[in-house]
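Chemist: Sharing run-v3.csv (CSV, C-alpha atoms and all ligand atoms) below.
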chain,number,residue,atom,x,y,z
A,1,MET,CA,8.6,10.7,34.2
A,2,LEU,CA,9.3,13.9,32.2
A,3,ASN,CA,7.3,17.0,32.0
A,4,VAL,CA,6.2,18.7,28.8
A,5,ILE,CA,9.0,21.3,28.8
A,6,GLU,CA,11.5,18.5,29.0
A,7,TYR,CA,10.0,16.9,25.9
A,8,GLU,CA,11.3,19.8,23.9
A,9,LYS,CA,14.7,18.8,24.9
A,10,VAL,CA,14.1,15.1,24.0
A,11,ILE,CA,12.9,16.2,20.5
A,12,GLU,CA,16.0,18.4,20.1
A,13,LEU,CA,18.3,15.6,21.3
A,14,ALA,CA,16.8,13.4,18.6
A,15,GLY,CA,17.6,16.0,16.0
A,16,TYR,CA,14.0,17.0,15.4
A,17,LYS,CA,11.6,19.9,16.0
A,18,ARG,CA,8.2,19.4,17.4
A,19,GLU,CA,6.5,20.4,14.2
A,20,ASP,CA,8.4,17.6,12.3
A,21,PHE,CA,6.1,15.1,14.0
A,22,SER,CA,2.9,16.9,12.8
A,23,VAL,CA,3.4,15.1,9.5
A,24,CYS,CA,2.8,11.7,11.1
A,25,LEU,CA,-0.3,10.3,9.4
A,26,GLY,CA,-1.2,8.0,12.2
A,27,CYS,CA,-1.1,5.1,9.7
A,28,LYS,CA,0.6,2.8,12.2
A,29,ILE,CA,2.8,1.2,9.5
A,30,CYS,CA,5.6,1.6,12.0
A,31,ALA,CA,3.6,-0.5,14.5
A,32,SER,CA,3.0,-3.2,12.0
A,33,VAL,CA,6.8,-3.7,11.4
A,34,CYS,CA,8.2,-3.0,14.8
A,35,THR,CA,10.7,-5.6,16.1
A,36,VAL,CA,9.3,-5.3,19.6
A,37,ASN,CA,6.2,-7.1,18.3
A,38,ASP,CA,8.4,-10.1,17.6
A,39,LEU,CA,9.0,-10.2,21.4
A,40,SER,CA,5.2,-10.7,21.8
A,41,ILE,CA,4.8,-7.2,23.2
A,42,ASP,CA,2.3,-5.2,21.4
A,43,MET,CA,4.0,-2.0,20.4
A,44,ASN,CA,3.0,1.1,18.6
A,45,PRO,CA,5.7,3.6,17.9
A,46,GLN,CA,3.2,6.1,16.6
A,47,GLU,CA,1.7,6.3,20.1
A,48,LEU,CA,5.1,7.4,21.4
A,49,LEU,CA,5.4,10.1,18.8
A,50,SER,CA,1.9,11.4,19.6
A,51,SER,CA,2.6,11.4,23.3
A,52,LEU,CA,5.7,13.5,22.7
A,53,PHE,CA,3.7,15.8,20.4
A,54,LEU,CA,0.8,16.2,22.7
A,55,GLY,CA,2.8,16.2,25.9
A,56,ASN,CA,1.3,13.0,27.3
A,57,THR,CA,3.1,11.0,29.9
A,58,ILE,CA,5.9,8.6,28.9
A,59,GLU,CA,7.1,6.3,31.7
A,60,LYS,CA,10.5,4.7,32.1
A,61,ASP,CA,8.9,1.3,31.6
A,62,ASN,CA,7.2,2.1,28.4
A,63,PRO,CA,7.9,-1.1,26.3
A,64,LEU,CA,9.5,0.9,23.4
A,65,VAL,CA,11.8,2.8,25.8
A,66,ARG,CA,12.8,-0.6,27.2
A,67,TYR,CA,13.0,-2.8,24.2
A,68,CYS,CA,13.5,-0.8,21.0
A,69,THR,CA,16.4,-2.5,19.2
A,70,ASN,CA,17.4,0.4,16.9
A,71,CYS,CA,16.5,-1.7,13.9
A,72,TYR,CA,15.1,1.2,11.9
A,73,ARG,CA,12.4,-1.1,10.4
A,74,CYS,CA,9.8,1.6,11.4
A,75,THR,CA,11.8,4.3,9.7
A,76,SER,CA,12.2,2.3,6.5
A,77,ALA,CA,8.5,1.6,6.3
A,78,CYS,CA,7.2,5.1,7.4
A,79,PRO,CA,6.0,7.3,4.5
A,80,TRP,CA,7.8,10.2,6.2
A,81,LYS,CA,10.9,8.2,7.2
A,82,ILE,CA,10.6,9.4,10.8
A,83,ARG,CA,13.6,8.2,12.7
A,84,ILE,CA,11.8,6.7,15.7
A,85,PRO,CA,14.8,4.9,17.2
A,86,GLU,CA,16.6,8.2,17.6
A,87,VAL,CA,13.6,9.6,19.5
A,88,VAL,CA,13.7,6.5,21.7
A,89,ARG,CA,17.4,6.9,22.3
A,90,ALA,CA,16.9,10.6,23.3
A,91,LEU,CA,14.1,9.5,25.6
A,92,ARG,CA,16.4,6.9,27.2
A,93,GLU,CA,19.0,9.5,27.7
A,94,SER,CA,16.6,11.9,29.3
A,95,LEU,CA,14.9,9.3,31.5
A,96,SER,CA,18.4,8.0,32.5
A,97,VAL,CA,17.6,4.4,31.8
A,98,ALA,CA,21.0,3.4,30.5
A,99,SER,CA,22.1,-0.1,31.6
A,100,PRO,CA,25.3,-0.4,33.6
A,101,PHE,CA,26.9,-1.7,30.4
A,102,GLU,CA,25.9,1.3,28.3
A,103,LYS,CA,27.2,3.6,31.1
A,104,ALA,CA,30.5,1.7,31.1
A,105,PHE,CA,30.7,2.1,27.3
A,106,LYS,CA,30.3,5.8,27.5
A,107,GLY,CA,32.7,6.0,30.5
A,108,SER,CA,35.4,4.3,28.4
A,109,ILE,CA,35.0,6.8,25.6
A,110,ASP,CA,35.3,9.6,28.2
A,111,ILE,CA,38.5,8.3,29.5
A,112,TRP,CA,40.3,7.0,26.4
A,113,GLY,CA,38.3,8.3,23.5
A,114,ARG,CA,37.7,4.7,22.5
A,115,VAL,CA,35.9,1.7,23.9
A,116,TYR,CA,38.3,-0.4,25.9
A,117,GLU,CA,36.4,-3.6,26.2
A,118,PRO,CA,38.2,-5.1,29.2
A,119,TYR,CA,37.3,-1.9,31.1
A,120,VAL,CA,33.7,-2.0,30.0
A,121,PHE,CA,33.5,-5.7,31.0
A,122,LEU,CA,35.0,-5.2,34.4
A,123,LYS,CA,32.8,-2.2,35.2
A,124,ALA,CA,29.8,-4.2,34.2
A,125,VAL,CA,30.8,-7.3,36.2
A,126,PRO,CA,28.2,-6.9,39.0
A,127,PHE,CA,25.4,-6.5,36.3
A,128,LEU,CA,26.7,-9.4,34.2
A,129,LEU,CA,26.8,-11.7,37.3
A,130,LYS,CA,23.4,-10.7,38.5
A,131,GLU,CA,21.8,-11.0,35.1
A,132,GLY,CA,23.3,-14.4,34.4
A,133,TYR,CA,25.6,-13.5,31.5
A,134,ILE,CA,28.5,-15.5,32.9
A,135,LYS,CA,27.1,-18.8,31.6
A,136,TYR,CA,28.0,-17.6,28.1
A,137,MET,CA,31.7,-17.1,28.9
A,138,ALA,CA,32.7,-20.4,27.4
A,139,ARG,CA,31.2,-19.2,24.0
A,140,TRP,CA,32.9,-15.8,24.3
A,141,THR,CA,36.5,-17.0,24.6
A,142,GLY,CA,37.1,-16.2,21.0
A,143,TYR,CA,36.1,-12.6,21.5
A,144,ILE,CA,38.3,-11.8,24.5
A,145,SER,CA,41.4,-9.9,23.6
A,146,VAL,CA,44.2,-8.8,25.8
A,147,HIS,CA,45.6,-5.4,24.9
A,148,LEU,CA,46.4,-2.2,26.6
A,149,PRO,CA,44.1,0.8,26.3
A,150,HIS,CA,45.0,3.4,23.7
A,151,LYS,CA,44.3,7.0,24.7
A,152,VAL,CA,43.2,9.3,21.9
A,153,LYS,CA,44.6,12.8,22.1
A,154,ARG,CA,41.5,14.8,21.6
A,155,ILE,CA,37.8,14.2,20.9
B,156,MET,CA,44.5,1.6,-4.6
B,157,ASP,CA,45.2,3.4,-1.3
B,158,TYR,CA,42.4,3.7,1.2
B,159,GLY,CA,42.0,5.3,4.6
B,160,TYR,CA,41.0,2.7,7.1
B,161,TYR,CA,38.7,3.2,10.1
B,162,PRO,CA,38.7,-0.1,12.2
B,163,GLY,CA,36.7,1.3,15.1
B,164,CYS,CA,36.7,-0.1,18.6
B,165,SER,CA,35.3,-3.6,18.1
B,166,LEU,CA,37.7,-4.5,15.3
B,167,THR,CA,40.6,-3.7,17.6
B,168,GLY,CA,39.0,-5.8,20.4
B,169,SER,CA,36.3,-8.5,20.2
B,170,ALA,CA,36.1,-8.5,16.4
B,171,ARG,CA,39.8,-8.5,15.7
B,172,LYS,CA,39.2,-11.6,13.6
B,173,LEU,CA,37.2,-9.4,11.2
B,174,ASP,CA,39.9,-6.8,11.2
B,175,LYS,CA,42.5,-9.4,10.3
B,176,GLY,CA,40.4,-10.8,7.6
B,177,VAL,CA,39.6,-7.4,6.0
B,178,ARG,CA,43.3,-6.4,6.0
B,179,GLU,CA,44.4,-9.7,4.6
B,180,ILE,CA,41.8,-9.6,1.8
B,181,PHE,CA,42.7,-6.1,0.8
B,182,ARG,CA,46.4,-7.0,0.8
B,183,LYS,CA,45.7,-10.0,-1.5
B,184,LEU,CA,43.7,-7.7,-3.8
B,185,GLY,CA,46.6,-5.3,-4.0
B,186,HIS,CA,45.1,-2.4,-2.1
B,187,SER,CA,46.6,-0.7,0.9
B,188,LEU,CA,44.7,0.3,4.0
B,189,ASN,CA,46.1,3.2,5.9
B,190,GLU,CA,44.7,3.5,9.4
B,191,ILE,CA,43.4,7.0,10.2
B,192,PRO,CA,45.9,8.3,12.9
B,193,ASP,CA,44.5,8.6,16.4
B,194,TRP,CA,40.9,7.8,15.4
B,195,ASN,CA,38.3,7.9,18.2
B,196,CYS,CA,35.2,5.9,18.9
B,197,CYS,CA,32.2,6.7,16.6
B,198,GLY,CA,29.8,6.4,19.5
B,199,ALA,CA,28.1,3.3,17.9
B,200,LEU,CA,24.4,3.6,18.7
B,201,GLU,CA,24.8,4.5,22.3
B,202,TYR,CA,24.2,8.2,22.3
B,203,GLY,CA,20.7,9.7,22.5
B,204,ASP,CA,22.1,13.1,21.5
B,205,ARG,CA,22.3,12.9,17.8
B,206,SER,CA,24.6,15.9,17.5
B,207,GLU,CA,27.1,14.2,19.9
B,208,LEU,CA,27.1,11.1,17.7
B,209,THR,CA,27.8,13.2,14.6
B,210,ARG,CA,30.4,15.2,16.4
B,211,LEU,CA,32.4,12.1,17.3
B,212,SER,CA,32.5,10.9,13.6
B,213,ARG,CA,33.3,14.4,12.4
B,214,GLU,CA,36.4,14.3,14.5
B,215,ASN,CA,37.4,11.1,12.7
B,216,LEU,CA,36.9,12.7,9.3
B,217,LYS,CA,39.0,15.7,10.4
B,218,LYS,CA,41.8,13.3,11.3
B,219,ALA,CA,41.6,11.8,7.9
B,220,GLU,CA,41.9,15.1,6.1
B,221,GLY,CA,44.8,15.2,3.7
B,222,MET,CA,45.6,11.6,4.0
B,223,CYS,CA,42.9,10.0,1.8
B,224,SER,CA,39.8,10.6,-0.1
B,225,GLU,CA,38.2,7.2,0.4
B,226,ILE,CA,37.7,5.6,3.8
B,227,VAL,CA,36.9,2.0,4.4
B,228,ALA,CA,34.9,1.2,7.6
B,229,PRO,CA,34.0,-2.5,8.1
B,230,CYS,CA,31.9,-2.2,11.3
B,231,PRO,CA,28.3,-1.4,10.2
B,232,ALA,CA,27.8,1.1,13.0
B,233,CYS,CA,31.0,3.0,12.2
B,234,TYR,CA,30.2,2.9,8.5
B,235,LYS,CA,26.7,4.4,9.2
B,236,ASN,CA,28.0,7.1,11.6
B,237,LEU,CA,30.8,8.2,9.3
B,238,LYS,CA,28.4,8.4,6.4
B,239,GLU,CA,26.1,10.6,8.4
B,240,ALA,CA,28.9,12.9,9.5
B,241,ASN,CA,30.2,13.2,6.0
B,242,SER,CA,28.0,16.0,5.0
B,243,GLY,CA,29.0,17.5,1.7
B,244,ASN,CA,30.5,14.2,0.8
B,245,GLN,CA,34.0,15.3,1.4
B,246,PHE,CA,35.1,11.6,1.5
B,247,ALA,CA,33.8,8.5,-0.1
B,248,ILE,CA,32.9,6.2,2.8
B,249,LEU,CA,33.1,2.6,1.7
B,250,HIS,CA,32.1,-0.7,3.2
B,251,PRO,CA,34.3,-3.6,2.3
B,252,LEU,CA,31.3,-5.4,0.8
B,253,GLU,CA,31.0,-2.6,-1.8
B,254,LEU,CA,34.6,-3.3,-2.9
B,255,PHE,CA,34.5,-7.1,-2.7
B,256,GLU,CA,31.5,-6.9,-5.1
B,257,LYS,CA,33.7,-5.8,-8.0
B,258,ASP,CA,37.1,-7.1,-6.9
B,259,ILE,CA,36.6,-10.6,-5.7
B,260,MET,CA,34.5,-12.0,-8.5
B,261,GLY,CA,37.1,-10.8,-11.0
B,262,SER,CA,40.1,-11.7,-8.9
B,263,LEU,CA,43.0,-13.9,-9.9
B,264,ASN,CA,43.5,-15.0,-6.3
B,265,VAL,CA,40.5,-17.3,-6.2
B,266,LYS,CA,41.4,-20.9,-5.6
B,267,ARG,CA,38.3,-22.7,-4.3
B,268,ASP,CA,34.6,-22.9,-4.9
B,269,LEU,CA,31.7,-23.4,-2.5
B,270,LYS,CA,29.9,-26.3,-4.3
B,271,GLY,CA,27.7,-28.4,-2.1
B,272,LYS,CA,27.7,-25.9,0.8
B,273,VAL,CA,24.6,-24.2,2.1
B,274,PHE,CA,24.7,-20.6,3.5
B,275,THR,CA,22.4,-18.1,5.0
B,276,PRO,CA,23.7,-14.6,4.5
B,277,TYR,CA,22.5,-12.4,7.4
B,278,TYR,CA,23.0,-8.6,7.1
B,279,GLY,CA,21.2,-7.5,10.2
B,280,CYS,CA,19.8,-3.9,10.5
B,281,VAL,CA,22.6,-1.4,10.2
B,282,LEU,CA,24.0,-2.4,6.8
B,283,LEU,CA,20.5,-2.2,5.2
B,284,ARG,CA,18.7,0.5,7.2
B,285,PRO,CA,18.1,3.4,7.1
B,286,GLU,CA,18.3,3.5,3.3
B,287,GLU,CA,20.3,6.7,3.0
B,288,THR,CA,23.3,5.1,4.8
B,289,SER,CA,22.9,1.5,3.7
B,290,ILE,CA,25.1,-0.4,1.3
B,291,ARG,CA,24.0,0.0,-2.3
B,292,ASN,CA,23.8,-3.7,-3.3
B,293,ARG,CA,21.5,-5.5,-0.9
B,294,ASN,CA,22.3,-8.9,-2.4
B,295,VAL,CA,26.0,-8.6,-2.5
B,296,MET,CA,26.6,-11.6,-0.1
B,297,GLU,CA,24.2,-13.8,-2.0
B,298,GLU,CA,25.8,-12.8,-5.3
B,299,LEU,CA,29.3,-13.7,-4.0
B,300,ILE,CA,28.2,-17.0,-2.6
B,301,THR,CA,26.3,-18.2,-5.6
B,302,PHE,CA,29.0,-16.9,-8.0
B,303,PHE,CA,31.3,-19.4,-6.3
B,304,GLY,CA,28.8,-22.2,-6.4
B,305,GLY,CA,27.3,-22.1,-2.9
B,306,GLU,CA,23.6,-22.4,-2.1
B,307,ILE,CA,21.5,-19.9,-0.3
B,308,GLU,CA,18.8,-20.6,2.2
B,309,GLY,CA,16.9,-18.3,4.6
B,310,GLU,CA,16.4,-15.3,2.3
B,311,LYS,CA,13.5,-13.9,4.3
B,312,ILE,CA,15.5,-13.4,7.5
B,313,LYS,CA,18.4,-11.5,6.1
B,314,ASP,CA,17.3,-8.1,7.3
B,315,ARG,CA,15.5,-9.2,10.5
B,316,CYS,CA,16.9,-7.9,13.8
B,317,CYS,CA,19.0,-10.2,16.0
B,318,GLY,CA,18.5,-7.9,19.0
B,319,GLY,CA,22.2,-7.4,19.4
B,320,ASN,CA,21.6,-3.9,20.4
B,321,GLN,CA,19.6,-5.1,23.5
B,322,PHE,CA,22.2,-7.8,24.4
B,323,PHE,CA,23.6,-6.0,27.4
B,324,VAL,CA,20.3,-4.5,28.5
B,325,ASN,CA,17.6,-7.2,28.2
B,326,LYS,CA,19.4,-10.4,27.1
B,327,TRP,CA,16.1,-12.4,26.9
B,328,ALA,CA,15.0,-10.0,24.1
B,329,THR,CA,18.2,-10.8,22.2
B,330,GLU,CA,17.9,-14.5,22.9
B,331,ARG,CA,14.4,-14.5,21.5
B,332,LEU,CA,15.2,-12.5,18.4
B,333,SER,CA,18.4,-14.3,17.6
B,334,THR,CA,16.7,-17.7,18.1
B,335,LEU,CA,14.0,-16.7,15.6
B,336,ILE,CA,16.6,-16.0,13.0
B,337,LEU,CA,18.6,-19.2,13.7
B,338,GLU,CA,15.4,-21.3,13.5
B,339,LYS,CA,14.4,-19.8,10.1
B,340,SER,CA,17.8,-20.2,8.5
B,341,LYS,CA,19.9,-23.1,7.4
B,342,GLY,CA,23.5,-24.0,6.9
B,343,ILE,CA,26.4,-21.7,7.7
B,344,MET,CA,25.3,-18.2,8.8
B,345,VAL,CA,27.4,-15.5,7.1
B,346,VAL,CA,27.5,-12.1,8.8
B,347,PHE,CA,29.5,-8.9,8.7
B,348,CYS,CA,28.4,-7.1,11.9
B,349,PRO,CA,30.4,-7.9,15.1
B,350,LEU,CA,27.3,-7.5,17.2
B,351,CYS,CA,25.2,-9.9,15.1
B,352,HIS,CA,28.1,-12.4,15.2
B,353,MET,CA,28.2,-12.3,19.0
B,354,ALA,CA,24.4,-12.4,19.5
B,355,LEU,CA,23.9,-15.3,17.0
B,356,LYS,CA,26.9,-17.2,18.3
B,357,THR,CA,25.8,-16.9,21.9
B,358,PHE,CA,22.4,-18.3,21.3
B,359,SER,CA,23.1,-21.0,18.6
B,360,LYS,CA,23.8,-24.5,19.7
B,361,ASP,CA,25.3,-26.1,16.7
B,362,ARG,CA,25.4,-23.6,13.9
B,363,LYS,CA,28.5,-22.1,12.3
B,364,ILE,CA,28.5,-18.3,12.4
B,365,ILE,CA,31.2,-16.9,10.3
B,366,TYR,CA,32.2,-13.5,9.0
B,367,LEU,CA,32.1,-13.0,5.3
B,368,THR,CA,35.8,-12.4,5.4
B,369,ASP,CA,36.3,-16.0,6.7
B,370,LEU,CA,34.4,-17.2,3.6
B,371,VAL,CA,36.4,-15.0,1.2
B,372,LEU,CA,39.7,-16.2,2.7
B,373,TYR,CA,38.5,-19.8,2.2
B,374,ILE,CA,37.8,-19.1,-1.5
B,375,MET,CA,41.2,-17.5,-1.8
B,376,GLY,CA,42.8,-20.6,-0.3
B,377,GLU,CA,44.0,-18.9,2.9
B,378,ASN,CA,41.7,-20.7,5.3
B,379,ASN,CA,41.4,-24.4,4.8
B,380,VAL,CA,38.1,-24.8,6.7
B,381,ILE,CA,35.1,-22.6,7.1
A,401,LIG,S1,13.7,0.9,15.6
A,401,LIG,FE1,12.6,0.5,17.5
A,401,LIG,S2,10.6,1.4,17.2
A,401,LIG,FE2,11.5,1.1,15.2
A,401,LIG,S3,10.8,-0.9,14.5
A,401,LIG,FE3,12.8,-1.2,15.4
A,401,LIG,S4,12.3,-1.8,17.5
A,401,LIG,FE4,10.4,-0.8,16.7
A,402,LIG,S1,4.6,5.0,9.9
A,402,LIG,FE1,5.3,7.1,10.1
A,402,LIG,S2,3.5,8.3,9.4
A,402,LIG,FE2,2.7,6.2,9.9
A,402,LIG,S3,2.1,6.3,12.0
A,402,LIG,FE3,4.2,5.6,12.0
A,402,LIG,S4,5.4,7.4,12.3
A,402,LIG,FE4,3.4,8.1,11.7
Could you write out this file's structure as structure tokens?
Modeler:
Amino acid sequence: MLNVIEYEKVIELAGYKREDFSVCLGCKICASVCTVNDLSIDMNPQELLSSLFLGNTIEKDNPLVRYCTNCYRCTSACPWKIRIPEVVRALRESLSVASPFEKAFKGSIDIWGRVYEPYVFLKAVPFLLKEGYIKYMARWTGYISVHLPHKVKRI
Amino acid sequence: MDYGYYPGCSLTGSARKLDKGVREIFRKLGHSLNEIPDWNCCGALEYGDRSELTRLSRENLKKAEGMCSEIVAPCPACYKNLKEANSGNQFAILHPLELFEKDIMGSLNVKRDLKGKVFTPYYGCVLLRPEETSIRNRNVMEELITFFGGEIEGEKIKDRCCGGNQFFVNKWATERLSTLILEKSKGIMVVFCPLCHMALKTFSKDRKIIYLTDLVLYIMGENNVI
């Protein structure tokens, strides 16, 4: 859980200012198009914005924090083009809810400046095993490439 | 024409088939792709810190300074991030689809048509949203396919979300979203995004999921099957 002061940071990480959300009309068009609803989870991105605006609690297991797919359907439909997925990403970062895979992805960029997929995969093996990804291995054979990592000089 | 080329991480790894296809098609069309030296990851969609994401792509633009004025970026996430970082439009950031649009239909390299074949072009999210960074022609794959005699099915799902972004977080979400798309489409699925390719392929039982580049190479007589 984050306190209200930390919400300022979330809004800033997302590239916004608090007053930018005051234009939200509450029309819930974003809710009507949100992909999370296709998962049979009722979701209302507008509630998330107003929670941030008003300083209401947002928990780690908020369905949008967990399931937002970054599809920008909400943004396309919103009269103000509010970039809700970026707010969600900032919240995820602040609430430290990154999956082991995402952590390995960023770790690879820290080391090499690029994503070295074999590293990401190996780092995430415990997670992949536990979550049952291994059964897809046969379908992934065409994606696996063997190459050495390439370190980028400066990023 | 000489272009700068930004392959990005996936095209040098799991989506190298797409990389090979793009390079081959550009070569056949008489263009050269010059890889930006020492490019770094664009950050894809992984960073909550928007300024961090933009910083990574700005570094890439700096590395391209002096070598080109137009940059081709096939991966939708790379394309989007480069466009966002390109404030002041110092470069033209191009997606291969924008070049295929004018080049392939008028190309002398075309050898085959697509008569009798059914396709579902699937763009996914990042190529079409948000609008300020999307490709201009939202029907370019349909236009290419029908120009060469192919049939289109599944129009209404082309900008749905496959859930690829959730794949390594909550795979059941991706399974559900990808399955929805597969059920509502018909024929060969044609994609351009490496993440969509992987998500749809993982959850399809008997459908062909191909990159548009595979299709273009088939039309050009390079691939014998699609
Ligand atoms: S980007 Fe996230 S919040 Fe917006 S419509 Fe897609 S899933 Fe919903
Ligand atoms: S669509 Fe935009 S203006 Fe309407 S409720 Fe959602 S965020 Fe607010």
Chemist: Quick check: residues of chain A within 6 Å of chain B, only C-alpha atoms, returned as a list in words.
Modeler: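 Contact residues on the first chain: Leu13, Ala14, Gly15, Thr69, Cys71, Tyr72, Arg89, Ala90, Glu93, Ser99, Gly113, Arg114, Val115, Tyr143, Ile144, Ser145 and Val152 of chain A.
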Chemist: Kindly indicate which residue among B:Gly185, B:Tyr161, B:Leu370, B:Val380 lies nearest to Asn264 of chain B, using only C-alpha atoms for the distances.
Modeler: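 Residue with the minimum atom-to-atom distance to Asn264 of chain B: B:Gly185.
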Chemist: With distances taken over all atoms listed in the file, which of A:Ser40, A:Pro45, A:Trp112, A:Arg66 is nearest to Lys28 of chain A?
Modeler: A:Pro45
Chemist: Counting all atoms listed in the file, what are the residues, protein, DNA or RNA alike, that approach ligand LIG 402 (chain A) to within 10 Å? I want them as an NGL selection string.
Modeler: :A and (21-34 or 44-50 or 73-84)
Chemist: For C-alpha atoms, I'd like the residues from the last selection saved as an mmCIF file, keeping the file's coordinate frame.
Modeler:
data_model
loop_
_atom_site.group_PDB
_atom_site.id
_atom_site.type_symbol
_atom_site.label_atom_id
_atom_site.label_comp_id
_atom_site.auth_asym_id
_atom_site.auth_seq_id
_atom_site.Cartn_x
_atom_site.Cartn_y
_atom_site.Cartn_z
ATOM 1 C CA PHE A 21 6.100 15.100 14.000
ATOM 2 C CA SER A 22 2.900 16.900 12.800
ATOM 3 C CA VAL A 23 3.400 15.100 9.500
ATOM 4 C CA CYS A 24 2.800 11.700 11.100
ATOM 5 C CA LEU A 25 -0.300 10.300 9.400
ATOM 6 C CA GLY A 26 -1.200 8.000 12.200
ATOM 7 C CA CYS A 27 -1.100 5.100 9.700
ATOM 8 C CA LYS A 28 0.600 2.800 12.200
ATOM 9 C CA ILE A 29 2.800 1.200 9.500
ATOM 10 C CA CYS A 30 5.600 1.600 12.000
ATOM 11 C CA ALA A 31 3.600 -0.500 14.500
ATOM 12 C CA SER A 32 3.000 -3.200 12.000
ATOM 13 C CA VAL A 33 6.800 -3.700 11.400
ATOM 14 C CA CYS A 34 8.200 -3.000 14.800
ATOM 15 C CA ASN A 44 3.000 1.100 18.600
ATOM 16 C CA PRO A 45 5.700 3.600 17.900
ATOM 17 C CA GLN A 46 3.200 6.100 16.600
ATOM 18 C CA GLU A 47 1.700 6.300 20.100
ATOM 19 C CA LEU A 48 5.100 7.400 21.400
ATOM 20 C CA LEU A 49 5.400 10.100 18.800
ATOM 21 C CA SER A 50 1.900 11.400 19.600
ATOM 22 C CA ARG A 73 12.400 -1.100 10.400
ATOM 23 C CA CYS A 74 9.800 1.600 11.400
ATOM 24 C CA THR A 75 11.800 4.300 9.700
ATOM 25 C CA SER A 76 12.200 2.300 6.500
ATOM 26 C CA ALA A 77 8.500 1.600 6.300
ATOM 27 C CA CYS A 78 7.200 5.100 7.400
ATOM 28 C CA PRO A 79 6.000 7.300 4.500
ATOM 29 C CA TRP A 80 7.800 10.200 6.200
ATOM 30 C CA LYS A 81 10.900 8.200 7.200
ATOM 31 C CA ILE A 82 10.600 9.400 10.800
ATOM 32 C CA ARG A 83 13.600 8.200 12.700
ATOM 33 C CA ILE A 84 11.800 6.700 15.700
#
Chemist: Figure out the distance between atom CA of Tyr277 of chain B and atom CA of Ser340 of chain B, please, to one decimal in Å.
Modeler: 9.2 Å
Chemist: For the atom pair atom CA of Lys135 of chain A and atom CA of Ile109 of chain A, what is the interatomic distance in Å to one decimal place?
Modeler: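 Atom CA of Ile109 of chain A lies 27.5 Å from atom CA of Lys135 of chain A.
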Chemist: Ranking A:Phe127, A:Tyr7, A:Tyr67, A:Phe121 by minimum distance to ligand LIG 401 (chain A) and counting all atoms listed in the file, which one comes first?
Modeler: A:Tyr67
Chemist: Rank A:Ala138, A:Leu54, A:Ile41, A:Val10 by their smallest atom-to-atom distance to ligand LIG 401 (chain A), using only C-alpha atoms and all ligand atoms, and report the top residue only.
Modeler: A:Ile41
Chemist: Show which residues sit within 12 Å of Val371 of chain B, as a PyMOL selection string. Count all atoms listed in the file, and ignore same-chain residues fewer than 2 positions away.
Modeler: chain B and resi 173+176-177+179-181+183-184+251-252+255-256+258-260+262+264-269+296+299-300+302-303+345+347+365-369+373-381
Chemist: In Å to one decimal, how far is atom CA of Thr209 of chain B from atom CA of Glu59 of chain A?
Modeler: 27.7 Å
Chemist: Using all atoms listed in the file, which residues sit within 8 Å of Val273 of chain B once same-chain residues fewer than 6 positions away are excluded, as a list in words?
Modeler: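 In the requested form, the answer reads Gly305, Glu306, Ile307, Glu308, Lys341, Gly342 and Ile343 of chain B.
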Chemist: Of the candidates A:Val65, A:Val120, A:Leu129, A:Ile11, which one gets nearest to ligand LIG 401 (chain A) if we count only C-alpha atoms and all ligand atoms?
Modeler: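 Going through A:Val65, A:Val120, A:Leu129, A:Ile11 one by one, the smallest distance to ligand LIG 401 (chain A) is for A:Val65.
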Chemist: Which residue, A:Gly142, A:Gly107, A:Pro85, A:Pro149, has the smallest gap to ligand LIG 401 (chain A) when you use all atoms listed in the file?
Modeler: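 Between A:Gly142, A:Gly107, A:Pro85, A:Pro149, the residue approaching ligand LIG 401 (chain A) most closely is A:Pro85.
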Chemist: Excluding His250 of chain B and residues on its chain fewer than 3 positions from it, collect all residues at most 6 Å away from it, counting all atoms listed in the file, and give them as number ranges by chain.
Modeler: B: 227-229, 253
Chemist: Taking N, CA and C atoms as the atom set, what does segment 55-62 of chain A look like once completed, written as a short mmCIF file (atom, residue, chain, number, x, y, z; two decimals), keeping the file's coordinate frame?
Modeler:
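So the final result, stored in selection11.cif, reads:
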data_model
loop_
_atom_site.label_atom_id
_atom_site.label_comp_id
_atom_site.auth_asym_id
_atom_site.auth_seq_id
_atom_site.Cartn_x
_atom_site.Cartn_y
_atom_site.Cartn_z
N GLY A 55 2.39 15.98 24.57
CA GLY A 55 2.80 16.20 25.90
C GLY A 55 2.22 15.19 26.92
N ASN A 56 1.79 14.02 26.42
CA ASN A 56 1.30 13.00 27.30
C ASN A 56 2.44 12.28 28.04
N THR A 57 2.10 11.64 29.13
CA THR A 57 3.10 11.00 29.90
C THR A 57 3.82 9.83 29.23
N ILE A 58 5.13 9.79 29.34
CA ILE A 58 5.90 8.60 28.90
C ILE A 58 6.68 8.11 30.09
N GLU A 59 6.42 6.89 30.49
CA GLU A 59 7.10 6.30 31.70
C GLU A 59 8.37 5.61 31.28
N LYS A 60 9.23 5.44 32.29
CA LYS A 60 10.50 4.70 32.10
C LYS A 60 10.24 3.28 31.57
N ASP A 61 9.15 2.67 32.04
CA ASP A 61 8.90 1.30 31.60
C ASP A 61 8.05 1.14 30.41
N ASN A 62 7.91 2.20 29.66
CA ASN A 62 7.20 2.10 28.40
C ASN A 62 7.99 1.01 27.55
#
